[in-house]
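Structure first, then comments.
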Amino acid sequence: MKRSQASRASMIGGLLLAVPLLCFADEPSRDLRLWYSEPAKQWETALPIGCGRLGAMVFGNVADDRIQFNEDTLWTGKPHDYVRAGARGHLDEIRRLLFEGKDKEAAPIVRGSFLSDPIHQEAFQPFGDLHIRTPGHEGAVDYRRELDLDSAVARVTYRVGDVTYRREVFASYPDQVIVVRIEADRKGAVSFQANTTSPHEAVQSRAIGIDTLAMSGHVRNDGLRFESRLRVFNAGGRCLVDDSGVSIEGADAVTMVLSAATSFKTFEDVTADPAARCEATLARLGSKSYESLRADHVADHRKLFRRVTLDLGRDERADWPIDRRVDRISKDYNALTASSPASRGTESGASIGLRVDPALAALYFQFGRYLLIASSRLGSQPANLQGVWNELLDPPWGSKYTTNINVEMNYWPAEATNLSECHEPLFDMIDDLIVSGSRTAREQYGMRGWVVHHNTDLWRGTAPINNIDGVWPTGGAWLCHHLWDRYLYTGDREFLARRAYPAMKGASLFFVDYLVPDPRTGWLVTNPSISPEQDPLCYGPTMDAQLIRSLLSYTIEAAGLLGVDSDLMAKLADVRRRLPPNQVGRHGQLQEWIVDMDKPNDKHRHMSPLWGLFPGWDLTPADLKSFDAAKVLLGWRGDGNTGWSFAWRIPLWARVHDGDFAFRQLEIQLARRTFPSLLDKCGPFQVDGNFGATGGVAELLLQSHLRPTDDPDSREIELLPALPLAWPKGAVTGLRARGGFEVDLAWNGGVLARAVVRSDRGGKCRIRYRDQVLDLTTQPGEVRTLEAGALSKSP
Ligand code: FUC
């Protein structure tokens with residue numbers, strides 16, 4: 001909802017206020033800048049910029065700079081159906097063996113005959129590098145490199161002699177180009193050479209006209225073709241472009257505009273002409289000035305970015321360079337854990353007491369939002385394991401889309417932190433997966449609907465890959481959670497009818513056909529499957545039942561809202577009734593498997609059976625026994641290890657209202673799993689941990705997944721459900737709540753001071769703060785301001 005629509009204010013608790021809690025000043029906050037006093041020494045510490053389709057890492061070297069750039073459709077491979085011929089013939093035998101407890105016998109059959117052809121999927125590729133050489137600038141002083149999250153511009157400034165130089169780099173979504181500006185405060189002082197290279201074989205550069213350098217090539221094995229075009233606009237001086245590069249002599253300022261494209265059209269069609277695409281992009285730009293390019297880019301970015309502000313306070317470290325701030329946290333962590341190993345334990349269930357500078361926590365939250373805007377925009381591919389940033393021909397895990405946590409985690413901030421538009425590329429990918437996943441359902445299983453196993457790639461592979469981990473069949477169900485959640489946040493009936501419901505119905509149909517009765521319990525179970533990514537191969541893991549139960553519930557509710565398919569919904573309701581329930585095991589734990597075989601203190605990175613706690617809501621206090629058992633399992637798992645596994649624990653602990661244990665995960669993630677660029681480390685760079693932590697922090701401040709049991713038409717919005725002790729004072733604006741609400745909060749001394757609730761389309765909500773509740777019935781566009789004490793005690 002736009003602020004300007006918030007036209008009405010209401011009186012609650014005797015006070016009238018209609019102003020937002022925090023107004024963003026025109027001048028962006030200095031606390032939204034990542035800055036450094038040195039260039040990046042390694043790729044992971046360069047500054048990421050992007051506009052969804054294009055991404056780049058800006059190193060900020062002075063005399064020999066590198067801007068490593070990507071285009072999100074440049075992958076290895078070509079259109080391909082991954083289903084292995086004959087796989088279907090092995091399904092019954094695998095199922096029988098697993099029901100007989102013979103997973104060791106089933107595993108070689110899976111590996112030999114049931115996995116995809118080929119067994120691995122394809123990889124996201126680096127595109128190229130723009131090199132800028134400025135001989136004579138080696139002795140630069142007063143160096144500063146920064147990324148301003150509020151304008152999405154990377155900037156380097158330095159001085160040589162008495163001339164100050166400035167480079168600005170950004171990726172423009174409106175103009176679909178990467179823009180590099182080089183200027184100096186003295187006329188005629190800009191001279192440099194530039195060229196583009198690529199790590200791919202058989203790449204060629206050529207001059208086009210007097211101002212453009214083209215680079216073309218193709219991915220190995222006669223793969224996708226690609227082309228980039230660098231167009232140079234110089235103010236003053238001389239510009240020479242030949243096949244080897246660009247040479248600038250004595251200019252006042254230079255703007256370079258980089259377009260890049262591939263031959264990819266869709267996952268089934270690779271007949272596009274990358275040269276024509278680049279040409280069309282540059283032709284659209286014409287001679288648009290640098291100021292206009294920049295102004296359009298900044299306006300586009302701010303429209304999204306400025307919807308949310310977060311203030312957690314600041315101390316003196318907020319003025320330090322980021323690398324020093326991150327380094328300080330890891331040093332403090334090492335000192336703390338060396339001096340007191342017990343602080344590594346999980347018994348206390350609390351923060352480990354690192355002094356995380358509060359402004360860094362807020363910056364890290366906003367950095368996740370920045371990265372989503374930079375890597376996932378309408379028309380682009382979804383953010384992959386590395387977003388849109390990768391320099392390797394063989395990136396970790398192919399930099400593809402892992403559906404058993406990682407790609408979904410990328411989208412946790414989308415609705416909650418007011419970036420709903422950035423969710424679109426994931427929905428586009430689901431549309432493709434319905435096509436390829438229907439083929440896999442039919443050919444691999446002989447079943448209706450569509451299925452996605454634990455990974456997909458640009459070619460929308462949906463068959464099981466890699467190893468036994470690959471046979472997990474519920475990736476599509478998890479993706480559908482995003483469709484339903486988008487509907488819950490926005491109330492968009494058209495989206496529900498046109499996109500969400502058909503997808504959910506198809507995913508449900510697959511499970512109607514696929515589930516089989518467990519001979520021991522009679523429950524309908526997945527078989528074969530795995531609890532991600534823990535041995536053994538099994539049937540009916542808890543996570544699958546939660547995902548399918550949730551999927552069927554959303555589908556039934558959606559069909560009811562749309563008034564369609566009542567007979568099929570009766571069938572879905574019957575299947576849902578026969579799914580395995582959440583089970584409490586002999587240690588009081590939520591069972592991970594259908595058989596009670598959990599090992600106490602299993603510290604696995606995946607939190608699979610807790611899917612029902614977050615991001616789902618299949619485990620809630622409405623079933624206290626299971627909810628308490630989930631807490632036992634959560635305690636066993638302890639701290640994370642990979643970056644994303646810390647990040648998942650943040651919202652999980654938020655859902656059990658333990659802000660301090662959640663904060664502990666954030667502390668250690670920052671201390672152990674964060675590059676000085678603030679990019680997350682899985683081990684190697686992986687962006688999901690950034691997105692997960694941002695989504696997790698939102699969950700500490702606001703939750704809206706429950707409906708009041710006595711009023712299912714309403715939505716429960718819980719304010720500050722898990723505020724860590726570390727953040728006694730703060731304010732947030734613009735968080736989204738399901739039901740079509742937007743919420744601002746301010747707190748002091750750890751206690752809520754004020755809340756503003758804006759309603760998009762009217763309707764009811766129950767505001768909860770600790771043991772107080774207030775039922776609201778809102779009109780479209782209405783704004784309610786609640787002062788502390790306005791909420792009444794719950795009965
Ligand atoms: C899952 C995780 C790994 C890694 C990979 C990309 O398999 O278990 O840690 O993040 O995805």
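For the structure tokens, the naming scheme is as follows: chains receive sequential letters (A, B, ...) according to their order of presentation, residues are indexed from 1 within each chain, and ligands are indexed from 1 in presentation order.
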
If you run DSSP on the backbone, which residues of stretch 143-379 of chain A are helix (DSSP H, G or I), as a ChimeraX atom specification? /A:274-285,290-305,316-319,322-339,341-344,358-375

Within 10 Å of ligand 1, counting only C-alpha atoms and all ligand atoms, residues as a ChimeraX atom specification: /A:384-386,396-407,454-455,469-470,532-534,604-606,641-645,681-689

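Considering the residues A:Val356, A:Ile178, A:Arg229, A:Leu568 and counting only C-alpha atoms, A:Gly52 has its shortest atom-to-atom contact with A:Ile178.
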
Could you name the residues that touch A:Phe661 at 7 Å or less, counting only C-alpha atoms, but leaving out those on the same chain fewer than 4 positions away, as a PyMOL selection string? chain A and resi 349-351+653+665

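Nearest to A:Phe124 of all the residues A:Asn601, A:Gln381, A:Gln68, A:Ser339 is A:Gln381, based on only C-alpha atoms.
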
Shell around stretch 268-275 of chain A at 9 Å using only C-alpha atoms, local window under 4 positions removed, as a ChimeraX atom specification: /A:78-80,214,216,224-229,260-264,279-280,459

Quick one: pick out all strand (DSSP E) residues within stretch 145-205 of chain A from a backbone DSSP run and write them as a PyMOL selection string. chain A and resi 145-148+153-160+163-172+177-184+190-197+204-205

What are the closest atom pairs, with distances in Å to one decimal, for all residues of stretch 348-429 of chain A lying within 12 Å of stretch 149-164 of chain A? Consider only C-alpha atoms, order rows by chain and residue number, and present the result as CSV.
residue,atom,partner,partner_atom,distance
A:Ala362,CA,A:Leu149,CA,11.9
A:Leu363,CA,A:Leu149,CA,8.8
A:Tyr364,CA,A:Leu149,CA,10.5
A:Phe365,CA,A:Leu149,CA,11.2
A:Gln366,CA,A:Leu149,CA,7.7
A:Phe367,CA,A:Leu149,CA,7.0
A:Gly368,CA,A:Leu149,CA,10.1
A:Arg369,CA,A:Leu149,CA,9.1
A:Tyr370,CA,A:Leu149,CA,6.2
A:Leu371,CA,A:Leu149,CA,9.2
A:Leu372,CA,A:Leu149,CA,11.7
A:Ile373,CA,A:Ala152,CA,9.4
A:Ala374,CA,A:Ala152,CA,8.4

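The coordinates place atom CA of A:Asp485 at 9.7 Å from atom CA of A:Gly616.
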
For stretch 775-777 of chain A: contacts at 6 Å, only C-alpha atoms, fewer than 2 positions along chain excluded, given as a PyMOL selection string: chain A and resi 763-766

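Relative to atom CA of A:Gly136, atom CA of A:Val232 is found at 21.8 Å.
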
Would you please work out which residue, of A:Phe127, A:Trp43, A:Trp35, A:Phe646, is nearest to A:Phe675 when using only C-alpha atoms? A:Trp43

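When the distance limit is 8 Å and only C-alpha atoms are what count, the residues near stretch 477-483 of chain A, minus those fewer than 2 positions from it on the same chain, are Thr403, Glu408, Phe427, Ile430, Thr474, Gly475, Asp485, Arg486, Tyr487, Leu496, Arg499, Ala500, Ala503, Met504, Ala507, Ser508, Leu547, Ile548, Ser550, Leu551 and Gly616 of chain A.
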
Can you write out the residues you just picked, keeping all heavy atoms, as a short mmCIF file (atom, residue, chain, number, x, y, z; two decimals), in the first residue's frame?
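Listed below is the output, result-v8.cif:
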data_model
loop_
_atom_site.label_atom_id
_atom_site.label_comp_id
_atom_site.auth_asym_id
_atom_site.auth_seq_id
_atom_site.Cartn_x
_atom_site.Cartn_y
_atom_site.Cartn_z
N THR A 403 15.77 -26.97 -3.93
CA THR A 403 14.40 -26.70 -3.44
C THR A 403 14.13 -27.27 -2.05
O THR A 403 13.02 -27.15 -1.56
CB THR A 403 13.35 -27.28 -4.40
OG1 THR A 403 13.56 -28.69 -4.48
CG2 THR A 403 13.44 -26.67 -5.78
N GLU A 408 13.83 -21.44 -1.64
CA GLU A 408 12.70 -20.86 -0.89
C GLU A 408 13.21 -19.82 0.10
O GLU A 408 12.61 -18.75 0.27
CB GLU A 408 11.92 -21.95 -0.16
CG GLU A 408 11.15 -22.90 -1.08
CD GLU A 408 11.95 -24.13 -1.48
OE1 GLU A 408 13.18 -24.16 -1.22
OE2 GLU A 408 11.36 -25.05 -2.07
N PHE A 427 7.64 -17.20 -9.22
CA PHE A 427 6.36 -17.68 -9.75
C PHE A 427 6.50 -18.05 -11.23
O PHE A 427 5.90 -19.02 -11.70
CB PHE A 427 5.27 -16.63 -9.56
CG PHE A 427 5.09 -16.21 -8.11
CD1 PHE A 427 4.76 -14.91 -7.79
CD2 PHE A 427 5.27 -17.12 -7.09
CE1 PHE A 427 4.60 -14.52 -6.47
CE2 PHE A 427 5.12 -16.74 -5.75
CZ PHE A 427 4.79 -15.44 -5.45
N ILE A 430 7.97 -21.39 -11.35
CA ILE A 430 6.98 -22.42 -11.03
C ILE A 430 6.14 -22.73 -12.27
O ILE A 430 5.84 -23.89 -12.56
CB ILE A 430 6.10 -21.98 -9.83
CG1 ILE A 430 6.96 -21.88 -8.56
CG2 ILE A 430 4.95 -22.97 -9.62
CD1 ILE A 430 6.24 -21.28 -7.35
N THR A 474 9.03 -33.55 -2.67
CA THR A 474 8.08 -32.53 -2.22
C THR A 474 8.53 -31.09 -2.48
O THR A 474 8.00 -30.16 -1.88
CB THR A 474 7.75 -32.74 -0.72
OG1 THR A 474 8.87 -33.31 -0.06
CG2 THR A 474 6.56 -33.64 -0.52
N GLY A 475 9.48 -30.93 -3.43
CA GLY A 475 9.91 -29.58 -3.76
C GLY A 475 8.76 -28.73 -4.30
O GLY A 475 8.65 -27.53 -3.99
N ASP A 485 1.08 -18.06 0.10
CA ASP A 485 1.49 -16.99 1.01
C ASP A 485 1.37 -15.62 0.31
O ASP A 485 0.96 -14.64 0.92
CB ASP A 485 2.92 -17.22 1.50
CG ASP A 485 3.08 -16.83 2.97
OD1 ASP A 485 2.06 -16.72 3.67
OD2 ASP A 485 4.23 -16.64 3.41
N ARG A 486 1.73 -15.58 -0.96
CA ARG A 486 1.55 -14.32 -1.72
C ARG A 486 0.07 -13.92 -1.68
O ARG A 486 -0.26 -12.75 -1.48
CB ARG A 486 2.05 -14.53 -3.14
CG ARG A 486 1.40 -13.67 -4.22
CD ARG A 486 1.61 -12.17 -4.03
NE ARG A 486 2.82 -11.68 -4.62
CZ ARG A 486 2.99 -11.36 -5.89
NH1 ARG A 486 2.00 -11.52 -6.74
NH2 ARG A 486 4.13 -10.89 -6.32
N TYR A 487 -0.81 -14.89 -1.85
CA TYR A 487 -2.24 -14.58 -1.79
C TYR A 487 -2.61 -14.08 -0.39
O TYR A 487 -3.34 -13.08 -0.24
CB TYR A 487 -3.09 -15.80 -2.17
CG TYR A 487 -4.54 -15.56 -1.84
CD1 TYR A 487 -5.28 -14.65 -2.60
CD2 TYR A 487 -5.14 -16.17 -0.75
CE1 TYR A 487 -6.60 -14.35 -2.26
CE2 TYR A 487 -6.46 -15.88 -0.41
CZ TYR A 487 -7.18 -14.97 -1.17
OH TYR A 487 -8.47 -14.67 -0.83
N LEU A 496 -4.72 -15.57 -7.31
CA LEU A 496 -5.13 -16.87 -6.78
C LEU A 496 -5.76 -17.72 -7.87
O LEU A 496 -5.42 -18.90 -8.04
CB LEU A 496 -6.13 -16.66 -5.62
CG LEU A 496 -6.59 -17.93 -4.92
CD1 LEU A 496 -5.45 -18.57 -4.14
CD2 LEU A 496 -7.76 -17.64 -3.98
N ARG A 499 -2.96 -18.03 -11.20
CA ARG A 499 -1.64 -18.65 -11.06
C ARG A 499 -1.56 -19.65 -9.90
O ARG A 499 -1.10 -20.76 -10.08
CB ARG A 499 -0.57 -17.57 -10.84
CG ARG A 499 -0.38 -16.70 -12.03
CD ARG A 499 0.84 -15.85 -11.87
NE ARG A 499 2.02 -16.47 -12.46
CZ ARG A 499 3.19 -15.86 -12.55
NH1 ARG A 499 3.33 -14.65 -12.06
NH2 ARG A 499 4.21 -16.45 -13.11
N ALA A 500 -1.99 -19.20 -8.73
CA ALA A 500 -1.75 -20.04 -7.55
C ALA A 500 -2.59 -21.31 -7.59
O ALA A 500 -2.07 -22.42 -7.44
CB ALA A 500 -2.04 -19.23 -6.29
N ALA A 503 -1.65 -24.14 -10.09
CA ALA A 503 -0.38 -24.78 -9.69
C ALA A 503 -0.60 -25.69 -8.48
O ALA A 503 -0.11 -26.82 -8.43
CB ALA A 503 0.65 -23.70 -9.36
N MET A 504 -1.34 -25.18 -7.49
CA MET A 504 -1.56 -25.97 -6.26
C MET A 504 -2.40 -27.22 -6.56
O MET A 504 -2.15 -28.29 -6.03
CB MET A 504 -2.25 -25.11 -5.20
CG MET A 504 -1.39 -23.92 -4.76
SD MET A 504 -1.99 -23.04 -3.31
CE MET A 504 -3.63 -22.60 -3.75
N ALA A 507 -0.11 -29.75 -8.22
CA ALA A 507 0.81 -30.35 -7.25
C ALA A 507 0.05 -31.33 -6.35
O ALA A 507 0.55 -32.42 -6.03
CB ALA A 507 1.48 -29.25 -6.42
N SER A 508 -1.18 -30.97 -5.98
CA SER A 508 -1.99 -31.86 -5.13
C SER A 508 -2.33 -33.15 -5.87
O SER A 508 -2.28 -34.24 -5.29
CB SER A 508 -3.30 -31.17 -4.72
OG SER A 508 -3.02 -30.02 -3.95
N LEU A 547 4.38 -30.80 4.52
CA LEU A 547 4.28 -30.07 3.25
C LEU A 547 3.00 -30.45 2.51
O LEU A 547 2.30 -29.59 1.97
CB LEU A 547 5.50 -30.37 2.37
CG LEU A 547 6.78 -29.61 2.72
CD1 LEU A 547 8.00 -30.26 2.05
CD2 LEU A 547 6.67 -28.16 2.25
N ILE A 548 2.71 -31.74 2.48
CA ILE A 548 1.54 -32.18 1.70
C ILE A 548 0.25 -31.78 2.42
O ILE A 548 -0.71 -31.33 1.79
CB ILE A 548 1.63 -33.71 1.43
CG1 ILE A 548 2.87 -34.01 0.59
CG2 ILE A 548 0.37 -34.19 0.72
CD1 ILE A 548 3.25 -35.48 0.52
N SER A 550 -0.17 -29.22 4.28
CA SER A 550 -0.33 -27.78 4.06
C SER A 550 -0.81 -27.51 2.63
O SER A 550 -1.75 -26.74 2.41
CB SER A 550 0.98 -27.04 4.32
OG SER A 550 1.40 -27.29 5.65
N LEU A 551 -0.17 -28.16 1.67
CA LEU A 551 -0.56 -27.96 0.26
C LEU A 551 -2.05 -28.30 0.07
O LEU A 551 -2.79 -27.53 -0.57
CB LEU A 551 0.31 -28.85 -0.63
CG LEU A 551 -0.15 -28.98 -2.09
CD1 LEU A 551 0.03 -27.66 -2.83
CD2 LEU A 551 0.63 -30.08 -2.81
N GLY A 616 6.36 -22.92 7.50
CA GLY A 616 4.95 -23.31 7.52
C GLY A 616 4.31 -22.98 8.86
O GLY A 616 4.91 -22.35 9.73
#

To one decimal place, how far is atom CA of A:Cys51 from atom CA of A:Ala171 in Å? 5.4 Å

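The closest residue to A:Leu524, picked from A:Asp357, A:Asp64, A:Asp544, A:Glu742 and counting only C-alpha atoms, is A:Asp544.
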